[in-house]
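**Student:** First the structure, which I've put down as structure tokens, then a few questions once you've had a look.
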Amino acid sequence: MVQVQIIQVVLVGNSSSNTTATLSNDEKEVFDLINKQRTNNGLVALKMDSEALNVARIKAKDMVTNNYFAHESPIYGSPFQMLNSFKVTYKTAGENIAGNSTNSGAVNAWMNSSGHKANILNSSYNYTGIGVVSSPKYGKIYVQIFLGK
């Protein structure tokens with residue numbers, strides 16, 4: 001039997017009031033691991049954005065459902081097209097994707113890839129959303145959306 005712990009966090013979105021939403025254990029652990037990398041490198045921690053969280057979850061599910069592994073979705077297009085279609089506002093944006101069996105493995109893989117590491121340590125990003133979905137092919141699919149607002 002798998003035990004799931006629910007973690008409540010305050011999310012920041014475009015509305016004038018913050019909302020509380022639930023992150024899965026996986027999403028919360030990846031969020032914490034990413035912010036540890038940022039603070040260890042002298043950067044401020046990212047804040048969780050409700051709209052980016054929604055897009056990251058949808059993209060992760062899309063990758064599993066449609067059996068692909070790419071930044072370009074056959075349904076939603078590029079990460080920027082997807083953000084725009086969901087009416088997410090941003091000045092700068094980026095996306096990291098991974099397929100891995102563990103949360104730390106996914107973050108370590110990103111940190112060992114120059115492009116993914118650059119997204120994690122980009123000081124122009126101040127918000128994020130993370131989606132983690134079970135995958136029969138990889139164990140888990142990870143999508144992290146970065147936003148600079």
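By order in the structure tokens, chains are A, B, ...; within a chain, residues start at 1; ligands start at 1, following the order shown.
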Env of range 42-47 of chain A: 8 Å cut, atoms = only C-alpha atoms, seq-sep filter 3 positions within chain, self excluded. Answer as a list in words.

**Tutor:**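 The residues satisfying every condition are Leu11, Val12, Asn35, Lys36, Arg38, Thr39, Leu121, Ser123, Tyr125, Asn126, Tyr127 and Thr128 of chain A.
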
**Student:** Write the residues you've just listed into a file as a tab-separated table (two decimals), in the first residue's frame, and include C-alpha atoms for each of them.

**Tutor:**
chain	number	residue	atom	x	y	z
A	11	LEU	CA	0.53	29.64	-4.28
A	12	VAL	CA	1.01	32.93	-6.04
A	35	ASN	CA	15.43	25.75	-4.18
A	36	LYS	CA	18.34	24.17	-2.29
A	38	ARG	CA	19.44	27.96	-5.97
A	39	THR	CA	20.18	29.06	-2.40
A	121	LEU	CA	20.21	28.89	-11.67
A	123	SER	CA	18.35	34.73	-11.62
A	125	TYR	CA	13.27	33.39	-12.82
A	126	ASN	CA	11.37	33.96	-9.59
A	127	TYR	CA	8.39	31.59	-9.92
A	128	THR	CA	7.96	27.95	-10.81

**Student:** If you run DSSP on this backbone, which residues of chain A come out as helix (DSSP H, G or I), and could you give them as number ranges by chain?

**Tutor:** A: 25-40, 50-65, 79-85, 103-111, 114-120

**Student:** Hey, what's within 8 Å of range 135-147 of chain A if we count only C-alpha atoms and toss same-chain stuff fewer than 5 positions away? As a PDB file with all heavy atoms, in the first residue's frame, please?

**Tutor:**
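And here's out_36.pdb as it stands now:
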ATOM      1  N   ALA A  52       1.604  28.212 -13.281  1.00  0.00           N
ATOM      2  CA  ALA A  52       2.718  27.397 -13.773  1.00  0.00           C
ATOM      3  C   ALA A  52       2.590  25.958 -13.269  1.00  0.00           C
ATOM      4  O   ALA A  52       2.900  25.017 -13.998  1.00  0.00           O
ATOM      5  CB  ALA A  52       4.053  28.002 -13.332  1.00  0.00           C
ATOM      6  N   LEU A  53       2.111  25.788 -12.051  1.00  0.00           N
ATOM      7  CA  LEU A  53       1.865  24.454 -11.499  1.00  0.00           C
ATOM      8  C   LEU A  53       0.851  23.706 -12.363  1.00  0.00           C
ATOM      9  O   LEU A  53       1.061  22.547 -12.727  1.00  0.00           O
ATOM     10  CB  LEU A  53       1.372  24.562 -10.055  1.00  0.00           C
ATOM     11  CG  LEU A  53       0.955  23.270  -9.357  1.00  0.00           C
ATOM     12  CD1 LEU A  53       2.147  22.329  -9.182  1.00  0.00           C
ATOM     13  CD2 LEU A  53       0.312  23.584  -8.010  1.00  0.00           C
ATOM     14  N   VAL A  55       0.055  24.229 -15.546  1.00  0.00           N
ATOM     15  CA  VAL A  55       0.628  23.932 -16.865  1.00  0.00           C
ATOM     16  C   VAL A  55       1.637  22.790 -16.766  1.00  0.00           C
ATOM     17  O   VAL A  55       1.643  21.889 -17.613  1.00  0.00           O
ATOM     18  CB  VAL A  55       1.264  25.196 -17.488  1.00  0.00           C
ATOM     19  CG1 VAL A  55       2.068  24.850 -18.736  1.00  0.00           C
ATOM     20  CG2 VAL A  55       0.182  26.222 -17.820  1.00  0.00           C
ATOM     21  N   ALA A  56       2.475  22.780 -15.732  1.00  0.00           N
ATOM     22  CA  ALA A  56       3.468  21.715 -15.576  1.00  0.00           C
ATOM     23  C   ALA A  56       2.791  20.360 -15.396  1.00  0.00           C
ATOM     24  O   ALA A  56       3.224  19.360 -15.982  1.00  0.00           O
ATOM     25  CB  ALA A  56       4.382  22.017 -14.385  1.00  0.00           C
ATOM     26  N   ARG A  57       1.733  20.327 -14.618  1.00  0.00           N
ATOM     27  CA  ARG A  57       1.005  19.068 -14.420  1.00  0.00           C
ATOM     28  C   ARG A  57       0.348  18.595 -15.707  1.00  0.00           C
ATOM     29  O   ARG A  57       0.395  17.409 -16.041  1.00  0.00           O
ATOM     30  CB  ARG A  57      -0.058  19.243 -13.339  1.00  0.00           C
ATOM     31  CG  ARG A  57       0.508  19.331 -11.946  1.00  0.00           C
ATOM     32  CD  ARG A  57      -0.563  19.676 -10.939  1.00  0.00           C
ATOM     33  NE  ARG A  57      -0.098  19.511  -9.568  1.00  0.00           N
ATOM     34  CZ  ARG A  57      -0.783  19.914  -8.502  1.00  0.00           C
ATOM     35  NH1 ARG A  57      -1.966  20.489  -8.659  1.00  0.00           N
ATOM     36  NH2 ARG A  57      -0.295  19.738  -7.300  1.00  0.00           N
ATOM     37  N   LYS A  59       1.266  19.309 -18.772  1.00  0.00           N
ATOM     38  CA  LYS A  59       2.321  18.902 -19.709  1.00  0.00           C
ATOM     39  C   LYS A  59       2.855  17.518 -19.340  1.00  0.00           C
ATOM     40  O   LYS A  59       3.053  16.662 -20.213  1.00  0.00           O
ATOM     41  CB  LYS A  59       3.448  19.932 -19.716  1.00  0.00           C
ATOM     42  CG  LYS A  59       4.679  19.546 -20.540  1.00  0.00           C
ATOM     43  CD  LYS A  59       4.410  19.555 -22.033  1.00  0.00           C
ATOM     44  CE  LYS A  59       5.648  19.229 -22.838  1.00  0.00           C
ATOM     45  NZ  LYS A  59       6.522  20.355 -23.076  1.00  0.00           N
ATOM     46  N   ALA A  60       3.082  17.262 -18.047  1.00  0.00           N
ATOM     47  CA  ALA A  60       3.579  15.953 -17.623  1.00  0.00           C
ATOM     48  C   ALA A  60       2.577  14.856 -17.987  1.00  0.00           C
ATOM     49  O   ALA A  60       2.952  13.805 -18.515  1.00  0.00           O
ATOM     50  CB  ALA A  60       3.871  15.954 -16.124  1.00  0.00           C
ATOM     51  N   MET A  63       2.643  14.227 -21.739  1.00  0.00           N
ATOM     52  CA  MET A  63       3.791  13.431 -22.178  1.00  0.00           C
ATOM     53  C   MET A  63       3.558  11.942 -21.943  1.00  0.00           C
ATOM     54  O   MET A  63       3.908  11.117 -22.793  1.00  0.00           O
ATOM     55  CB  MET A  63       5.066  13.907 -21.472  1.00  0.00           C
ATOM     56  CG  MET A  63       5.538  15.264 -21.965  1.00  0.00           C
ATOM     57  SD  MET A  63       6.934  15.933 -21.026  1.00  0.00           S
ATOM     58  CE  MET A  63       8.186  14.718 -21.346  1.00  0.00           C
ATOM     59  N   VAL A  64       2.959  11.591 -20.810  1.00  0.00           N
ATOM     60  CA  VAL A  64       2.686  10.185 -20.514  1.00  0.00           C
ATOM     61  C   VAL A  64       1.554   9.669 -21.401  1.00  0.00           C
ATOM     62  O   VAL A  64       1.685   8.614 -22.034  1.00  0.00           O
ATOM     63  CB  VAL A  64       2.351   9.990 -19.014  1.00  0.00           C
ATOM     64  CG1 VAL A  64       1.875   8.567 -18.750  1.00  0.00           C
ATOM     65  CG2 VAL A  64       3.568  10.311 -18.156  1.00  0.00           C
ATOM     66  N   TYR A  90       4.093  36.363 -18.258  1.00  0.00           N
ATOM     67  CA  TYR A  90       5.486  36.253 -17.832  1.00  0.00           C
ATOM     68  C   TYR A  90       6.330  37.194 -18.672  1.00  0.00           C
ATOM     69  O   TYR A  90       5.936  37.604 -19.768  1.00  0.00           O
ATOM     70  CB  TYR A  90       5.987  34.813 -17.987  1.00  0.00           C
ATOM     71  CG  TYR A  90       5.882  34.270 -19.400  1.00  0.00           C
ATOM     72  CD1 TYR A  90       6.938  34.406 -20.305  1.00  0.00           C
ATOM     73  CD2 TYR A  90       4.722  33.650 -19.841  1.00  0.00           C
ATOM     74  CE1 TYR A  90       6.838  33.926 -21.606  1.00  0.00           C
ATOM     75  CE2 TYR A  90       4.617  33.169 -21.144  1.00  0.00           C
ATOM     76  CZ  TYR A  90       5.670  33.311 -22.007  1.00  0.00           C
ATOM     77  OH  TYR A  90       5.567  32.837 -23.300  1.00  0.00           O
ATOM     78  N   LYS A  91       7.497  37.540 -18.149  1.00  0.00           N
ATOM     79  CA  LYS A  91       8.501  38.291 -18.904  1.00  0.00           C
ATOM     80  C   LYS A  91       9.493  37.327 -19.547  1.00  0.00           C
ATOM     81  O   LYS A  91       9.900  37.517 -20.679  1.00  0.00           O
ATOM     82  CB  LYS A  91       9.234  39.271 -17.995  1.00  0.00           C
ATOM     83  CG  LYS A  91       8.383  40.417 -17.502  1.00  0.00           C
ATOM     84  CD  LYS A  91       9.180  41.330 -16.591  1.00  0.00           C
ATOM     85  CE  LYS A  91       8.285  42.411 -16.013  1.00  0.00           C
ATOM     86  NZ  LYS A  91       8.980  43.207 -15.000  1.00  0.00           N
ATOM     87  N   THR A  92       9.885  36.308 -18.778  1.00  0.00           N
ATOM     88  CA  THR A  92      10.773  35.267 -19.272  1.00  0.00           C
ATOM     89  C   THR A  92      10.227  33.918 -18.800  1.00  0.00           C
ATOM     90  O   THR A  92       9.535  33.849 -17.785  1.00  0.00           O
ATOM     91  CB  THR A  92      12.214  35.434 -18.741  1.00  0.00           C
ATOM     92  OG1 THR A  92      12.192  35.400 -17.314  1.00  0.00           O
ATOM     93  CG2 THR A  92      12.840  36.736 -19.215  1.00  0.00           C
ATOM     94  N   ALA A  93      10.553  32.873 -19.540  1.00  0.00           N
ATOM     95  CA  ALA A  93      10.056  31.544 -19.170  1.00  0.00           C
ATOM     96  C   ALA A  93      11.018  30.477 -19.676  1.00  0.00           C
ATOM     97  O   ALA A  93      11.771  30.698 -20.632  1.00  0.00           O
ATOM     98  CB  ALA A  93       8.659  31.310 -19.739  1.00  0.00           C
ATOM     99  N   GLY A  94      10.958  29.336 -19.038  1.00  0.00           N
ATOM    100  CA  GLY A  94      11.749  28.187 -19.450  1.00  0.00           C
ATOM    101  C   GLY A  94      11.078  26.916 -18.968  1.00  0.00           C
ATOM    102  O   GLY A  94      10.134  26.952 -18.179  1.00  0.00           O
ATOM    103  N   GLU A  95      11.587  25.783 -19.462  1.00  0.00           N
ATOM    104  CA  GLU A  95      11.022  24.493 -19.088  1.00  0.00           C
ATOM    105  C   GLU A  95      12.132  23.465 -18.979  1.00  0.00           C
ATOM    106  O   GLU A  95      13.002  23.396 -19.844  1.00  0.00           O
ATOM    107  CB  GLU A  95      10.009  24.035 -20.147  1.00  0.00           C
ATOM    108  CG  GLU A  95       9.415  22.667 -19.881  1.00  0.00           C
ATOM    109  CD  GLU A  95       8.513  22.190 -21.005  1.00  0.00           C
ATOM    110  OE1 GLU A  95       9.053  21.793 -22.068  1.00  0.00           O
ATOM    111  OE2 GLU A  95       7.290  22.229 -20.821  1.00  0.00           O
ATOM    112  N   ASN A  96      12.094  22.665 -17.921  1.00  0.00           N
ATOM    113  CA  ASN A  96      12.931  21.474 -17.792  1.00  0.00           C
ATOM    114  C   ASN A  96      12.009  20.267 -17.782  1.00  0.00           C
ATOM    115  O   ASN A  96      10.958  20.302 -17.151  1.00  0.00           O
ATOM    116  CB  ASN A  96      13.738  21.485 -16.489  1.00  0.00           C
ATOM    117  CG  ASN A  96      14.961  22.380 -16.554  1.00  0.00           C
ATOM    118  OD1 ASN A  96      15.277  22.957 -17.578  1.00  0.00           O
ATOM    119  ND2 ASN A  96      15.640  22.513 -15.432  1.00  0.00           N
ATOM    120  N   ILE A  97      12.422  19.208 -18.469  1.00  0.00           N
ATOM    121  CA  ILE A  97      11.690  17.942 -18.438  1.00  0.00           C
ATOM    122  C   ILE A  97      12.677  16.831 -18.095  1.00  0.00           C
ATOM    123  O   ILE A  97      13.872  16.937 -18.401  1.00  0.00           O
ATOM    124  CB  ILE A  97      10.948  17.636 -19.760  1.00  0.00           C
ATOM    125  CG1 ILE A  97      11.915  17.533 -20.938  1.00  0.00           C
ATOM    126  CG2 ILE A  97       9.862  18.678 -20.018  1.00  0.00           C
ATOM    127  CD1 ILE A  97      11.270  17.084 -22.246  1.00  0.00           C
ATOM    128  N   ALA A  98      12.167  15.802 -17.459  1.00  0.00           N
ATOM    129  CA  ALA A  98      13.017  14.649 -17.137  1.00  0.00           C
ATOM    130  C   ALA A  98      12.151  13.409 -17.027  1.00  0.00           C
ATOM    131  O   ALA A  98      10.968  13.491 -16.716  1.00  0.00           O
ATOM    132  CB  ALA A  98      13.769  14.867 -15.828  1.00  0.00           C
ATOM    133  N   GLY A  99      12.761  12.281 -17.279  1.00  0.00           N
ATOM    134  CA  GLY A  99      12.183  10.984 -16.983  1.00  0.00           C
ATOM    135  C   GLY A  99      13.144  10.289 -16.044  1.00  0.00           C
ATOM    136  O   GLY A  99      14.326  10.138 -16.374  1.00  0.00           O
ATOM    137  N   ASN A 100      12.677   9.918 -14.854  1.00  0.00           N
ATOM    138  CA  ASN A 100      13.572   9.329 -13.864  1.00  0.00           C
ATOM    139  C   ASN A 100      12.750   8.537 -12.867  1.00  0.00           C
ATOM    140  O   ASN A 100      11.550   8.765 -12.744  1.00  0.00           O
ATOM    141  CB  ASN A 100      14.366  10.434 -13.153  1.00  0.00           C
ATOM    142  CG  ASN A 100      15.708   9.960 -12.644  1.00  0.00           C
ATOM    143  OD1 ASN A 100      15.770   9.113 -11.760  1.00  0.00           O
ATOM    144  ND2 ASN A 100      16.774  10.501 -13.205  1.00  0.00           N
ATOM    145  N   SER A 101      13.398   7.669 -12.134  1.00  0.00           N
ATOM    146  CA  SER A 101      12.678   6.874 -11.132  1.00  0.00           C
ATOM    147  C   SER A 101      12.661   7.546  -9.769  1.00  0.00           C
ATOM    148  O   SER A 101      11.880   7.153  -8.906  1.00  0.00           O
ATOM    149  CB  SER A 101      13.285   5.478 -11.027  1.00  0.00           C
ATOM    150  OG  SER A 101      14.646   5.569 -10.659  1.00  0.00           O
ATOM    151  N   THR A 102      13.528   8.556  -9.557  1.00  0.00           N
ATOM    152  CA  THR A 102      13.554   9.246  -8.267  1.00  0.00           C
ATOM    153  C   THR A 102      13.597  10.758  -8.454  1.00  0.00           C
ATOM    154  O   THR A 102      14.111  11.255  -9.465  1.00  0.00           O
ATOM    155  CB  THR A 102      14.769   8.837  -7.406  1.00  0.00           C
ATOM    156  OG1 THR A 102      15.968   9.328  -8.016  1.00  0.00           O
ATOM    157  CG2 THR A 102      14.842   7.324  -7.219  1.00  0.00           C
ATOM    158  N   ALA A 106      16.183  12.982 -10.834  1.00  0.00           N
ATOM    159  CA  ALA A 106      15.764  13.955 -11.845  1.00  0.00           C
ATOM    160  C   ALA A 106      16.497  15.281 -11.650  1.00  0.00           C
ATOM    161  O   ALA A 106      17.033  15.858 -12.602  1.00  0.00           O
ATOM    162  CB  ALA A 106      14.252  14.168 -11.789  1.00  0.00           C
ATOM    163  N   ASN A 119      18.706  26.896 -16.450  1.00  0.00           N
ATOM    164  CA  ASN A 119      17.342  27.276 -16.071  1.00  0.00           C
ATOM    165  C   ASN A 119      17.198  27.335 -14.552  1.00  0.00           C
ATOM    166  O   ASN A 119      16.644  28.287 -14.006  1.00  0.00           O
ATOM    167  CB  ASN A 119      16.315  26.281 -16.630  1.00  0.00           C
ATOM    168  CG  ASN A 119      15.908  26.587 -18.049  1.00  0.00           C
ATOM    169  OD1 ASN A 119      16.079  27.695 -18.538  1.00  0.00           O
ATOM    170  ND2 ASN A 119      15.359  25.600 -18.716  1.00  0.00           N
ATOM    171  N   TYR A 125      14.456  34.173 -13.191  1.00  0.00           N
ATOM    172  CA  TYR A 125      13.273  33.394 -12.821  1.00  0.00           C
ATOM    173  C   TYR A 125      13.000  33.562 -11.326  1.00  0.00           C
ATOM    174  O   TYR A 125      13.916  33.441 -10.511  1.00  0.00           O
ATOM    175  CB  TYR A 125      13.453  31.905 -13.137  1.00  0.00           C
ATOM    176  CG  TYR A 125      13.602  31.590 -14.602  1.00  0.00           C
ATOM    177  CD1 TYR A 125      14.459  30.588 -15.029  1.00  0.00           C
ATOM    178  CD2 TYR A 125      12.884  32.283 -15.570  1.00  0.00           C
ATOM    179  CE1 TYR A 125      14.597  30.279 -16.375  1.00  0.00           C
ATOM    180  CE2 TYR A 125      13.024  31.986 -16.914  1.00  0.00           C
ATOM    181  CZ  TYR A 125      13.878  30.990 -17.313  1.00  0.00           C
ATOM    182  OH  TYR A 125      14.007  30.690 -18.643  1.00  0.00           O
ATOM    183  N   ASN A 126      11.736  33.836 -10.998  1.00  0.00           N
ATOM    184  CA  ASN A 126      11.372  33.964  -9.594  1.00  0.00           C
ATOM    185  C   ASN A 126      10.156  33.119  -9.206  1.00  0.00           C
ATOM    186  O   ASN A 126       9.785  33.069  -8.041  1.00  0.00           O
ATOM    187  CB  ASN A 126      11.173  35.432  -9.190  1.00  0.00           C
ATOM    188  CG  ASN A 126      10.281  36.200 -10.147  1.00  0.00           C
ATOM    189  OD1 ASN A 126       9.741  35.648 -11.097  1.00  0.00           O
ATOM    190  ND2 ASN A 126      10.113  37.474  -9.898  1.00  0.00           N
ATOM    191  N   TYR A 127       9.545  32.456 -10.174  1.00  0.00           N
ATOM    192  CA  TYR A 127       8.391  31.589  -9.924  1.00  0.00           C
ATOM    193  C   TYR A 127       8.576  30.267 -10.660  1.00  0.00           C
ATOM    194  O   TYR A 127       9.289  30.199 -11.662  1.00  0.00           O
ATOM    195  CB  TYR A 127       7.090  32.243 -10.397  1.00  0.00           C
ATOM    196  CG  TYR A 127       6.725  33.472  -9.617  1.00  0.00           C
ATOM    197  CD1 TYR A 127       7.091  34.736 -10.054  1.00  0.00           C
ATOM    198  CD2 TYR A 127       6.024  33.359  -8.412  1.00  0.00           C
ATOM    199  CE1 TYR A 127       6.768  35.857  -9.317  1.00  0.00           C
ATOM    200  CE2 TYR A 127       5.692  34.481  -7.675  1.00  0.00           C
ATOM    201  CZ  TYR A 127       6.073  35.728  -8.135  1.00  0.00           C
ATOM    202  OH  TYR A 127       5.748  36.835  -7.397  1.00  0.00           O
ATOM    203  N   THR A 128       7.889  29.254 -10.175  1.00  0.00           N
ATOM    204  CA  THR A 128       7.964  27.950 -10.812  1.00  0.00           C
ATOM    205  C   THR A 128       6.664  27.186 -10.631  1.00  0.00           C
ATOM    206  O   THR A 128       5.815  27.558  -9.815  1.00  0.00           O
ATOM    207  CB  THR A 128       9.142  27.124 -10.235  1.00  0.00           C
ATOM    208  OG1 THR A 128       9.386  25.995 -11.064  1.00  0.00           O
ATOM    209  CG2 THR A 128       8.878  26.677  -8.811  1.00  0.00           C
ATOM    210  N   GLY A 129       6.531  26.135 -11.393  1.00  0.00           N
ATOM    211  CA  GLY A 129       5.485  25.135 -11.237  1.00  0.00           C
ATOM    212  C   GLY A 129       6.098  23.800 -11.587  1.00  0.00           C
ATOM    213  O   GLY A 129       6.894  23.716 -12.529  1.00  0.00           O
ATOM    214  N   ILE A 130       5.768  22.772 -10.827  1.00  0.00           N
ATOM    215  CA  ILE A 130       6.374  21.455 -11.026  1.00  0.00           C
ATOM    216  C   ILE A 130       5.277  20.406 -11.101  1.00  0.00           C
ATOM    217  O   ILE A 130       4.427  20.343 -10.217  1.00  0.00           O
ATOM    218  CB  ILE A 130       7.339  21.112  -9.872  1.00  0.00           C
ATOM    219  CG1 ILE A 130       8.472  22.142  -9.815  1.00  0.00           C
ATOM    220  CG2 ILE A 130       7.884  19.699 -10.017  1.00  0.00           C
ATOM    221  CD1 ILE A 130       9.261  22.133  -8.536  1.00  0.00           C
TER     222      ILE A 130
END

**Student:** For CA of Asn103 in chain A and CA of Thr89 in chain A, quote the distance in Å rounded to one decimal.

**Tutor:**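 A separation of 27.9 Å between them.
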
**Student:** Just give me the gap between CA of Lys87 in chain A and CA of Thr65 in chain A in Å, one decimal is fine.

**Tutor:**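 So the two atoms, CA of Lys87 in chain A and CA of Thr65 in chain A, lie 23.0 Å apart.
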
**Student:** Work out how far apart CA of Ser124 in chain A and CA of Asp49 in chain A are and give it in Å to one decimal.

**Tutor:**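 Going from CA of Ser124 in chain A over to CA of Asp49 in chain A covers 15.0 Å.
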
**Student:** Could you pull out the strand (DSSP E) residues of chain A, going by DSSP on the backbone, and write them as a VMD selection string?

**Tutor:** chain A and resid 7 to 11 19 to 23 47 to 48 92 to 100 127 to 135 139 to 148
